[in-house]
2 protein chains.
Amino acid sequence: MSLVVMKFGGSSVGSAERIKKVAERIIEKKQEGHQCVVVVSAMGDTTDELVDLCNQLTDHPPAREMDMLLSTGEQISMSLLSMTIQNLGYPAISLTGWQSGMTTDCNHGNAKIVKIEPKRIQDALEKDNIVIVAGFQGLSEDGEISTLGRGGSDTTAVALAASIKADLCEIYTDVDGVYSTDPRIVRVAQKLDEISYDEMLELAQLGAAVLHPRAVEYAKNYNVPLVVRSSFSHNEGTLVKEGNAVEKSMVVRGIAYDKNVARISVLEVEDIPGILATVFGALADAEIDVDIIVQSGVRNGAADFSFSIANTDVEKAMVVMEDLRSTVTFKEVTSETDLVKVSIVGAGMVSNPGVAAKMFRVISQQGVSIKLVSTSEIKTSCVIDRDKLTEVILALHTAYGLDTTQKAFVGGPKERR
Amino acid sequence: MSLVVMKFGGSSVGSAERIKKVAERIIEKKQEGHQCVVVVSAMGDTTDELVDLCNQLTDHPPAREMDMLLSTGEQISMSLLSMTIQNLGYPAISLTGWQSGMTTDCNHGNAKIVKIEPKRIQDALEKDNIVIVAGFQGLSEDGEISTLGRGGSDTTAVALAASIKADLCEIYTDVDGVYSTDPRIVRVAQKLDEISYDEMLELAQLGAAVLHPRAVEYAKNYNVPLVVRSSFSHNEGTLVKEGNAVEKSMVVRGIAYDKNVARISVLEVEDIPGILATVFGALADAEIDVDIIVQSGVRNGAADFSFSIANTDVEKAMVVMEDLRSTVTFKEVTSETDLVKVSIVGAGMVSNPGVAAKMFRVISQQGVSIKLVSTSEIKTSCVIDRDKLTEVILALHTAYGLDTTQKAFVGGPKERR
């Protein structure tokens, strides 16, 4: 017998019919002899409907009341799921964030988990219950209902799994697992059997939307084994765990992309050292996330630098840059929108210096120019024109040997229906 | 400055537009210099939608999970109302049942309030907040979310008013106040300016659905002055308070009716004293509410008795009676369905013995036969055929002088828009 945390997202519980399927899925797990703690998100459309009501009433909803409003979503889905399981003959109990002992800080809308005291969960498990916990929410240190923000339910599941020392945390979603790249672009994209936390973290942050990076970080810190799998099939999914030697010898594991990218270039800047702090400080104050920053060498006391931001932030960023003209000296600011960032990810990269060079070569062979480059120990990213995305990913997928099933490292998808 | 509890029902907060109106109404009260605690029900359709979802999943929802599900309704309406008030520039805070210090027993779906510790409400009032409290819900002594059942939000409002020693509890609804009878039947029905708790209790229990009897009882026990008034107009409404001498001299204050009535008669019963306990015990076990019970004199050791129940319970009751044939001896059971109960209510009746006789005379003058009669200190009820309801109520309304504005006792409606 093992203790398993199972997390079901909004689309998995999006209708009465789907809630029934999820209930059956959980009961199967129970019948296999496991203790089950289930974390649920709000039903598919609930959050949107609540936000829509809110928007009819105010443009600036206070964060505390927004949490009060949105936290009802999970309370609805979890109680319906608990009823359904009980109706099928198995004892179950649903618990809100505050009932689960999930304490957060007071940062409404984006609260961080401070501690978990899962006494009620453990008591209910001892009485042989399937315990259903509201994802995404907690009780702040002030006694207020709080929500965890983006990736909240994934984070709830992983944090709970760490807290109750679960043997496994299963993230059920609408895809089969983590793929070598987006299967909508590369038909032969391979599902990975295993991936390390670090690799998953890079893939997650780069827009492979199966698992929120916050949850992956949490899992890495507490060494919680995670499985990403489909709620709609019995395919085995992808196991996310601490990397090992075998995995590290695999050079490139996956290719991710982000379509919402723009580049801003600042030309002929004087006094570069001081100016970078001023410019990126001003952008941060305007809540603009800067991703890649590239600075060229200094010529004649002046230099150029470029950075990438979300496409949707370009107008705001250009206003910030114009406002800076009074404090800093530069000749010109240019922007280029509708770009994409393509990234190759793999823990083996760190010991294989030719990997990045191969990426640049493959991209240039497609006649595509690289606008910005960024590298980390396990990732290399290139910003390119959006209309070249598909051909570049296809070429990279082939070049790194991802088209064929990587038996030695990731194996093929095993089915057991 | 006074402290006022304002309760708004589901239809008053049934849409974003109506929530705005309610917010403005509350702010008016605040601007008059009052401290305001607001109790809200779920938005009009929310509860039905949640129950519908539940019905798709199970025929027998566990009561604990049903409370978990339904309590989200008020949490949604109260947070939206709080946002709207804040958007209009006034500080506000919404509190769930468990945050309000509303402790109940563990009877899910029909919990009773055990105690109220309104510390958070009082703290929030001291900080000049408009405090919005979820009606209908509390925290059970086991730490579970509970709901109060029918009339729950009215009861929350009255109980809170008693607990925080409010000067007034205003129940906002979709009618102008309490009327001398149903204005849909009697065009000249008069709105009452004042009515005693006891009279209101009889009217409420008899189907004048503006205020739940449970809340009236609570108000009577704790002497909380209640006002029933419209959320859609500024008419003054009806004040419900302890009866006084002037009111008692008024013989009949109102006429109520209940359309869901049937009569069951048991003929030639032997050994009457023992049998009544057996019969009504068996009916209670089958959860059939019996209203009026009438027993005629005994002839030759056998007698007849009749009782009234809800029309919808007749089939169930007839089965119970047939099952009793093995234990008790009677000749025959007959039933008569589609009846109505008409009641005259007034605190002055107790000292005016002719009042009931007048009722019987008026009814017989309409050529209507009386099936059952029941009297209390402040009420006389007659069960008659349903198709005679309108003419009987019109005749009674005229006979007791209710058609004209009763200036001496109740006054006419005063408008201040």
# chains A, B, ... in the order shown; residues from 1 in each chain; ligands from 1
>>> residues_around(residues="Ile275 in chain A", least_positions_apart="5", cutoff="12 Å", atoms="only C-alpha atoms", output="list in words")
Val266, Glu268, Val269, Glu270, Phe280, Gly281, Ala282, Gln295, Ala302, Ala303, Asp304, Phe305, Met321, Leu324, Arg325, Thr327, Val328, Thr329 and Phe330 of chain A
>>> residues_around(residues="Gly177 in chain B", least_positions_apart="3", cutoff="6 Å", atoms="only C-alpha atoms", output="list in words")
Val228, Arg229, Gly237 and Thr238 of chain B
>>> write_last_selection(atoms="all heavy atoms", output="compact mmCIF listing (two decimals), in the first residue's frame")
# COMPACT_ATOMS: atom_id res chain seq x y z
N VAL B 228 -39.89 44.62 7.77
CA VAL B 228 -39.96 43.96 6.47
C VAL B 228 -40.22 45.03 5.43
O VAL B 228 -41.20 45.77 5.54
CB VAL B 228 -41.12 42.94 6.43
CG1 VAL B 228 -41.21 42.30 5.05
CG2 VAL B 228 -40.92 41.87 7.50
N ARG B 229 -39.34 45.17 4.45
CA ARG B 229 -39.51 46.24 3.45
C ARG B 229 -38.95 45.82 2.10
O ARG B 229 -38.26 44.81 1.98
CB ARG B 229 -38.85 47.52 3.94
CG ARG B 229 -37.36 47.42 4.14
CD ARG B 229 -36.81 48.63 4.85
NE ARG B 229 -37.24 49.86 4.19
CZ ARG B 229 -36.92 51.07 4.62
NH1 ARG B 229 -36.23 51.22 5.72
NH2 ARG B 229 -37.32 52.13 3.96
N GLY B 237 -42.35 49.96 4.81
CA GLY B 237 -42.40 48.58 5.26
C GLY B 237 -43.24 48.38 6.51
O GLY B 237 -43.96 49.28 6.94
N THR B 238 -43.15 47.19 7.07
CA THR B 238 -43.92 46.83 8.26
C THR B 238 -42.97 46.55 9.42
O THR B 238 -42.02 45.78 9.27
CB THR B 238 -44.74 45.55 7.97
OG1 THR B 238 -45.64 45.81 6.89
CG2 THR B 238 -45.54 45.13 9.21
>>> select_by_dssp(residues="range 80-149 of chain B", states="helix (DSSP H, G or I)", output="list of chain:residue names")
B:Leu80, B:Leu81, B:Ser82, B:Met83, B:Thr84, B:Ile85, B:Gln86, B:Asn87, B:Lys119, B:Arg120, B:Ile121, B:Gln122, B:Asp123, B:Ala124, B:Leu125, B:Glu126
>>> closest_residue(among="A:Leu211, A:Val294, A:Ile264, A:Met200", to="Val240 in chain A", atoms="only C-alpha atoms")
A:Met200
>>> closest_residue(among="B:Asn221, B:Gln190, B:Gln86, B:Thr334", to="chain A", atoms="only C-alpha atoms")
B:Gln86
>>> interface_residues(of="chain A", to="chain B", cutoff="8 Å", atoms="only C-alpha atoms", output="ChimeraX atom specification")
/A:16,20,53-54,56-58,60-62,65-66,68-69,72,75-76,79-80,82-84,86-87,93-94
>>> atom_distance(atom1="CA of Leu3 in chain B", atom2="CA of Arg214 in chain B")
22.6 Å
>>> select_by_dssp(residues="range 109-257 of chain A", states="strand (DSSP E)", output="PyMOL selection string")
chain A and resi 113-116+130-134+137-140+145-147+168-173+194-196+226-230+238-241+254-257
>>> write_last_selection(atoms="C-alpha atoms", output="PDB file, in the first residue's frame")
ATOM      1  CA  ILE A 113       2.451  28.440   1.353  1.00  0.00           C
ATOM      2  CA  VAL A 114       3.958  29.088   4.795  1.00  0.00           C
ATOM      3  CA  LYS A 115       3.214  25.783   6.484  1.00  0.00           C
ATOM      4  CA  ILE A 116       0.895  22.787   6.239  1.00  0.00           C
ATOM      5  CA  ILE A 130     -10.626   9.218   0.123  1.00  0.00           C
ATOM      6  CA  VAL A 131      -9.701  12.783   1.061  1.00  0.00           C
ATOM      7  CA  ILE A 132     -10.492  15.532  -1.434  1.00  0.00           C
ATOM      8  CA  VAL A 133      -8.708  18.818  -0.905  1.00  0.00           C
ATOM      9  CA  ALA A 134      -9.419  22.150  -2.588  1.00  0.00           C
ATOM     10  CA  GLN A 137      -6.394  27.993  -1.793  1.00  0.00           C
ATOM     11  CA  GLY A 138      -5.371  28.330   1.839  1.00  0.00           C
ATOM     12  CA  LEU A 139      -5.884  30.315   4.991  1.00  0.00           C
ATOM     13  CA  SER A 140      -3.658  33.334   5.423  1.00  0.00           C
ATOM     14  CA  ILE A 145      -9.163  32.942   2.581  1.00  0.00           C
ATOM     15  CA  SER A 146      -6.196  33.212   0.218  1.00  0.00           C
ATOM     16  CA  THR A 147      -5.411  31.858  -3.234  1.00  0.00           C
ATOM     17  CA  LEU A 168       3.907   9.714  -5.382  1.00  0.00           C
ATOM     18  CA  CYS A 169       2.156  12.833  -6.656  1.00  0.00           C
ATOM     19  CA  GLU A 170       0.184  12.266  -9.860  1.00  0.00           C
ATOM     20  CA  ILE A 171      -0.785  15.303 -11.942  1.00  0.00           C
ATOM     21  CA  TYR A 172      -3.732  14.327 -14.161  1.00  0.00           C
ATOM     22  CA  THR A 173      -4.149  16.595 -17.142  1.00  0.00           C
ATOM     23  CA  GLU A 194      11.266  10.182 -17.355  1.00  0.00           C
ATOM     24  CA  ILE A 195      12.672  13.668 -17.003  1.00  0.00           C
ATOM     25  CA  SER A 196      14.650  15.403 -14.280  1.00  0.00           C
ATOM     26  CA  LEU A 226       5.809  13.527  -9.791  1.00  0.00           C
ATOM     27  CA  VAL A 227       3.919  11.837 -12.605  1.00  0.00           C
ATOM     28  CA  VAL A 228       2.237  13.813 -15.361  1.00  0.00           C
ATOM     29  CA  ARG A 229      -0.462  11.729 -17.018  1.00  0.00           C
ATOM     30  CA  SER A 230      -3.802  11.913 -18.800  1.00  0.00           C
ATOM     31  CA  THR A 238       5.998  10.973 -17.580  1.00  0.00           C
ATOM     32  CA  LEU A 239       7.833  10.562 -14.286  1.00  0.00           C
ATOM     33  CA  VAL A 240       9.574  13.706 -13.057  1.00  0.00           C
ATOM     34  CA  LYS A 241      12.307  13.000 -10.487  1.00  0.00           C
ATOM     35  CA  GLY A 254      13.028  18.414 -25.407  1.00  0.00           C
ATOM     36  CA  ILE A 255      12.320  21.492 -27.448  1.00  0.00           C
ATOM     37  CA  ALA A 256      10.098  24.201 -26.042  1.00  0.00           C
ATOM     38  CA  TYR A 257       8.880  27.500 -27.431  1.00  0.00           C
TER      39      TYR A 257
END
>>> residues_around(residues="range 375-390 of chain B", least_positions_apart="5", cutoff="7 Å", atoms="only C-alpha atoms", output="ChimeraX atom specification")
/B:185,338-350,356,369-370
>>> write_last_selection(atoms="C-alpha atoms", output="CSV table (one decimal), in the first residue's frame")
chain,number,residue,atom,x,y,z
B,185,ILE,CA,-56.5,38.1,-4.3
B,338,ASP,CA,-57.4,20.0,-3.0
B,339,LEU,CA,-58.6,21.9,0.0
B,340,VAL,CA,-57.4,25.2,1.4
B,341,LYS,CA,-57.0,26.5,4.9
B,342,VAL,CA,-58.1,30.1,5.5
B,343,SER,CA,-57.1,31.8,8.7
B,344,ILE,CA,-57.9,35.1,10.4
B,345,VAL,CA,-55.1,36.4,12.7
B,346,GLY,CA,-55.2,39.1,15.4
B,347,ALA,CA,-54.0,39.5,18.9
B,348,GLY,CA,-57.3,41.0,20.0
B,349,MET,CA,-59.2,37.8,19.3
B,350,VAL,CA,-58.5,36.3,22.7
B,356,ALA,CA,-64.7,33.0,15.3
B,369,SER,CA,-69.1,24.3,3.9
B,370,ILE,CA,-66.4,24.1,6.5
